[in-house]
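Shown next: protein_28.txt, given as compact mmCIF, C-alpha atoms.
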```
# COMPACT_ATOMS: atom_id res chain seq x y z
CA MET A 477 0.00 0.00 0.00
CA LEU A 478 3.03 2.29 0.31
CA GLY A 479 4.25 1.72 -3.25
CA PHE A 480 3.43 5.02 -4.98
CA GLY A 481 4.07 4.93 -8.71
CA GLY A 482 2.76 1.47 -9.47
CA GLY A 483 4.16 -2.02 -8.99
CA PRO A 484 7.74 -1.29 -10.06
CA SER A 485 8.09 1.36 -7.39
CA ALA A 486 7.15 -1.22 -4.74
CA ILE A 487 9.93 -3.62 -5.78
CA PRO A 488 12.50 -1.98 -3.46
CA LEU A 489 10.03 -2.26 -0.57
CA VAL A 490 9.41 -5.95 -1.32
CA HIS A 491 13.17 -6.50 -1.67
CA GLN A 492 13.77 -4.92 1.73
CA GLU A 493 11.23 -7.18 3.43
CA VAL A 494 11.88 -10.45 1.57
CA VAL A 495 15.68 -10.35 1.23
CA LYS A 496 17.01 -8.12 3.97
CA LYS A 497 14.48 -8.32 6.80
CA TYR A 498 13.07 -11.86 6.68
CA LYS A 499 15.82 -13.48 4.54
CA TRP A 500 13.31 -15.64 2.67
CA MET A 501 15.56 -15.55 -0.41
CA GLU A 502 18.95 -14.30 -1.54
CA ASP A 503 19.53 -11.22 -3.71
CA ASP A 504 20.29 -13.35 -6.77
CA GLU A 505 17.05 -15.30 -6.53
CA PHE A 506 15.06 -12.12 -5.96
CA SER A 507 16.68 -10.56 -9.04
CA ASP A 508 15.76 -13.63 -11.08
CA VAL A 509 12.18 -13.54 -9.82
CA VAL A 510 11.85 -9.84 -10.70
CA ALA A 511 13.32 -10.44 -14.17
CA LEU A 512 10.97 -13.36 -14.82
CA ALA A 513 7.97 -11.48 -13.42
CA ASN A 514 8.71 -8.61 -15.80
CA THR A 515 8.44 -10.93 -18.79
CA MET A 516 4.91 -12.05 -17.90
CA PRO A 517 1.75 -9.99 -18.37
CA GLY A 518 0.00 -8.46 -15.39
CA PRO A 519 0.95 -6.42 -12.35
CA ILE A 520 4.43 -7.23 -11.06
CA GLY A 521 3.43 -6.85 -7.40
CA THR A 522 0.86 -9.61 -7.67
CA LYS A 523 3.28 -11.93 -9.46
CA LEU A 524 5.98 -11.32 -6.85
CA ALA A 525 3.51 -11.90 -4.01
CA GLY A 526 2.25 -15.11 -5.59
CA TYR A 527 5.73 -16.55 -6.11
CA ILE A 528 7.07 -15.52 -2.71
CA GLY A 529 3.94 -16.83 -0.98
CA TYR A 530 4.22 -20.12 -2.85
CA ARG A 531 7.91 -20.43 -2.03
CA ILE A 532 7.29 -19.85 1.68
CA ALA A 533 4.01 -21.78 2.21
CA GLY A 534 2.95 -23.56 -0.99
CA VAL A 535 -0.39 -23.01 -2.72
CA ALA A 536 -2.08 -21.67 0.43
CA GLY A 537 0.78 -19.21 0.84
CA ALA A 538 0.43 -18.05 -2.77
CA ILE A 539 -3.33 -17.51 -2.44
CA ASN A 540 -2.89 -15.71 0.86
CA ALA A 541 -0.08 -13.50 -0.46
CA ILE A 542 -2.05 -12.53 -3.56
CA LEU A 543 -5.19 -11.69 -1.57
CA VAL A 544 -3.22 -9.75 1.04
CA SER A 545 -1.45 -7.77 -1.67
CA VAL A 546 -4.53 -7.03 -3.77
CA VAL A 547 -7.51 -6.48 -1.44
CA PRO A 548 -6.06 -3.70 0.76
CA THR A 549 -4.82 -1.92 -2.35
CA ILE A 550 -8.25 -2.06 -3.94
CA ILE A 551 -9.87 -0.58 -0.84
CA LEU A 552 -7.16 2.08 -0.48
CA MET A 553 -7.38 2.98 -4.18
CA ILE A 554 -11.12 3.54 -3.97
CA VAL A 555 -10.74 5.80 -0.92
CA LEU A 556 -7.70 7.71 -2.20
CA LEU A 557 -9.05 8.23 -5.70
CA PHE A 558 -12.27 9.58 -4.24
CA LEU A 559 -10.29 11.99 -2.03
CA LEU A 560 -7.94 12.98 -4.85
CA GLN A 561 -10.80 13.60 -7.26
CA THR A 562 -12.66 15.62 -4.64
CA ASN A 563 -9.58 17.77 -3.84
CA LYS A 564 -7.71 17.81 -7.17
CA ASP A 565 -7.83 21.60 -7.52
CA ILE A 566 -6.10 22.29 -4.19
CA PRO A 567 -2.47 23.38 -4.83
CA ALA A 568 -1.13 21.34 -1.89
CA VAL A 569 -2.65 18.15 -3.33
CA GLN A 570 -1.16 18.91 -6.76
CA ALA A 571 2.26 19.55 -5.19
CA MET A 572 2.10 16.34 -3.15
CA ALA A 573 1.28 14.26 -6.21
CA SER A 574 4.21 15.81 -8.11
CA ALA A 575 6.66 15.44 -5.21
CA VAL A 576 6.25 11.67 -5.06
CA VAL A 577 7.72 11.12 -8.54
CA PRO A 578 11.39 11.92 -7.73
CA VAL A 579 11.28 9.75 -4.61
CA VAL A 580 10.06 6.79 -6.66
CA ALA A 581 12.80 7.46 -9.23
CA VAL A 582 15.47 7.33 -6.50
CA MET A 583 14.05 4.08 -5.06
CA LEU A 584 14.10 2.42 -8.49
CA GLY A 585 17.59 3.79 -9.19
CA ILE A 586 19.00 2.32 -5.98
CA LEU A 587 17.48 -1.08 -6.72
CA ALA A 588 18.79 -0.98 -10.30
CA LEU A 589 22.28 -0.08 -9.05
CA ASP A 590 22.18 -3.00 -6.62
CA PHE A 591 21.22 -5.35 -9.48
CA VAL A 592 24.09 -4.03 -11.63
CA LYS A 593 26.57 -4.52 -8.76
CA LYS A 594 25.38 -8.09 -8.17
CA SER A 595 25.63 -8.87 -11.89
CA GLY A 596 29.10 -7.37 -12.10
CA GLU A 597 30.29 -9.41 -9.14
CA SER A 598 28.73 -12.68 -10.33
CA MET A 599 29.46 -12.69 -14.06
CA GLY A 600 32.14 -10.03 -14.43
CA TRP A 601 31.98 -6.33 -15.15
CA LYS A 602 32.77 -6.58 -18.85
CA LYS A 603 29.81 -8.90 -19.58
CA THR A 604 27.55 -6.92 -17.27
CA LEU A 605 28.33 -3.60 -18.95
CA ILE A 606 27.92 -5.09 -22.44
CA ILE A 607 24.52 -6.58 -21.57
CA LEU A 608 23.53 -3.34 -19.82
CA LEU A 609 24.46 -1.21 -22.84
CA LEU A 610 22.82 -3.55 -25.36
CA SER A 611 19.66 -3.74 -23.24
CA LEU A 612 19.54 0.04 -22.96
CA ILE A 613 19.90 0.42 -26.72
CA ALA A 614 17.33 -2.30 -27.44
CA MET A 615 14.69 -0.94 -25.08
CA SER A 616 15.16 2.83 -25.30
CA LEU A 617 16.34 3.39 -28.87
CA LEU A 618 14.84 0.42 -30.71
CA ASN A 619 11.67 0.19 -28.54
CA ILE A 620 12.03 -3.56 -28.07
CA HIS A 621 9.84 -4.89 -25.26
CA PRO A 622 11.80 -5.89 -22.12
CA ALA A 623 10.40 -9.44 -22.31
CA PHE A 624 12.09 -9.95 -25.67
CA VAL A 625 15.36 -8.48 -24.38
CA ILE A 626 15.33 -10.82 -21.37
CA LEU A 627 14.40 -13.79 -23.57
CA SER A 628 17.28 -12.92 -25.92
CA VAL A 629 19.74 -12.81 -23.03
CA PHE A 630 18.48 -16.20 -21.79
CA ILE A 631 18.95 -17.69 -25.26
CA ILE A 632 22.44 -16.19 -25.64
CA VAL A 633 23.49 -17.46 -22.21
CA PHE A 634 21.89 -20.91 -22.34
CA ALA A 635 22.44 -21.83 -26.00
CA PRO A 636 26.18 -22.56 -25.55
CA LEU A 637 25.44 -24.56 -22.38
CA VAL A 638 22.86 -26.72 -24.18
CA LYS A 639 25.19 -27.16 -27.15
CA ARG A 640 28.06 -28.30 -24.88
CA ARG A 641 25.72 -30.67 -23.04
CA ASN A 642 24.50 -32.22 -26.30
CA ASN A 643 28.09 -32.68 -27.54
CA LYS A 644 29.01 -34.79 -24.50
```

Please lay out the structure from this file as structure tokens.
Amino acid sequence: MLGFGGGPSAIPLVHQEVVKKYKWMEDDEFSDVVALANTMPGPIGTKLAGYIGYRIAGVAGAINAILVSVVPTIILMIVLLFLLQTNKDIPAVQAMASAVVPVVAVMLGILALDFVKKSGESMGWKKTLIILLLSLIAMSLLNIHPAFVILSVFIIVFAPLVKRRNNK
């Protein structure tokens, strides 16, 4: 309910709780889950909740996590949108809505920097920077959907492994 800016802005909050506070998974697994969740349609917060709930407590955990992540948000959205619509012409409300945007940008930037550091440490900085640059070009200049970029990286990484396995 504190994730202003949509699901992606809540990722750092989920990361803090799941990885750092409760230690339900490691940074690498969380990064993989976020990457995979981004390739599938639908809200990322719901997909993260479902997977984390399933990982911790099976099907019941997944159902519980999804309900707990969706129902309060629905109620809060109805209340807040009513209040925002009612008070949209008040300058303080307009300023508050605008002030949230840079905070969300910083939260996402910190999480992205953490992901880049982890990638650099695990697979080397040269590969990380090449993939980072190619991904940036593909998504921002060529307007290729992130799912296709992630799928391409998976194919590039796993194709040689499968080929070596088949040659044995």

By how many Å are atom CA of A:Trp500 and atom CA of A:Ala533 apart? 11.2 Å

Could you jot down the atom CA of A:Met501 to atom CA of A:Ala525 separation for me, Å, one decimal place?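 Value for the atom CA of A:Met501-atom CA of A:Ala525 distance: 13.1 Å.
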
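Distance-wise, atom CA of A:Leu556 and atom CA of A:Pro578 end up 20.3 Å apart.
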
Using only C-alpha atoms: which of A:Thr522, A:Val579, A:Leu559, A:Lys594 has the shortest distance to A:Glu502: A:Lys594

Given the choices A:Ala581, A:Ala541, A:Ala573, A:Ala588, which gets closest to A:Ser507 if the distance is worked out from all atoms listed in the file?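 Between A:Ala581, A:Ala541, A:Ala573, A:Ala588, the residue approaching A:Ser507 most closely is A:Ala588.
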
Residue with smallest distance to A:Val629 - pool A:Ile554, A:Ile586, A:Val490, A:Ile607, counting only C-alpha atoms: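 So, comparing all the options, the nearest one is A:Ile607.
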
Expected residue set, 8 Å radius at (17.9, -6.0, -1.1), only C-alpha atoms, as a list in words: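 Counting only C-alpha atoms, I find these residues within 8 Å of (17.9, -6.0, -1.1): Pro488, His491, Gln492, Val494, Val495, Lys496, Asp503, Leu587 and Asp590 of chain A.
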
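Of the residues under consideration (A:Ile542, A:Gly596, A:Ala511, A:Asn563), A:Ala511 shows the shortest atom-to-atom contact distance to A:Pro622 when counting all atoms listed in the file.
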
Using all atoms listed in the file, which residue out of A:Ala635, A:Leu610, A:Ile532, A:Leu524 lies closest to A:Leu512? A:Leu524
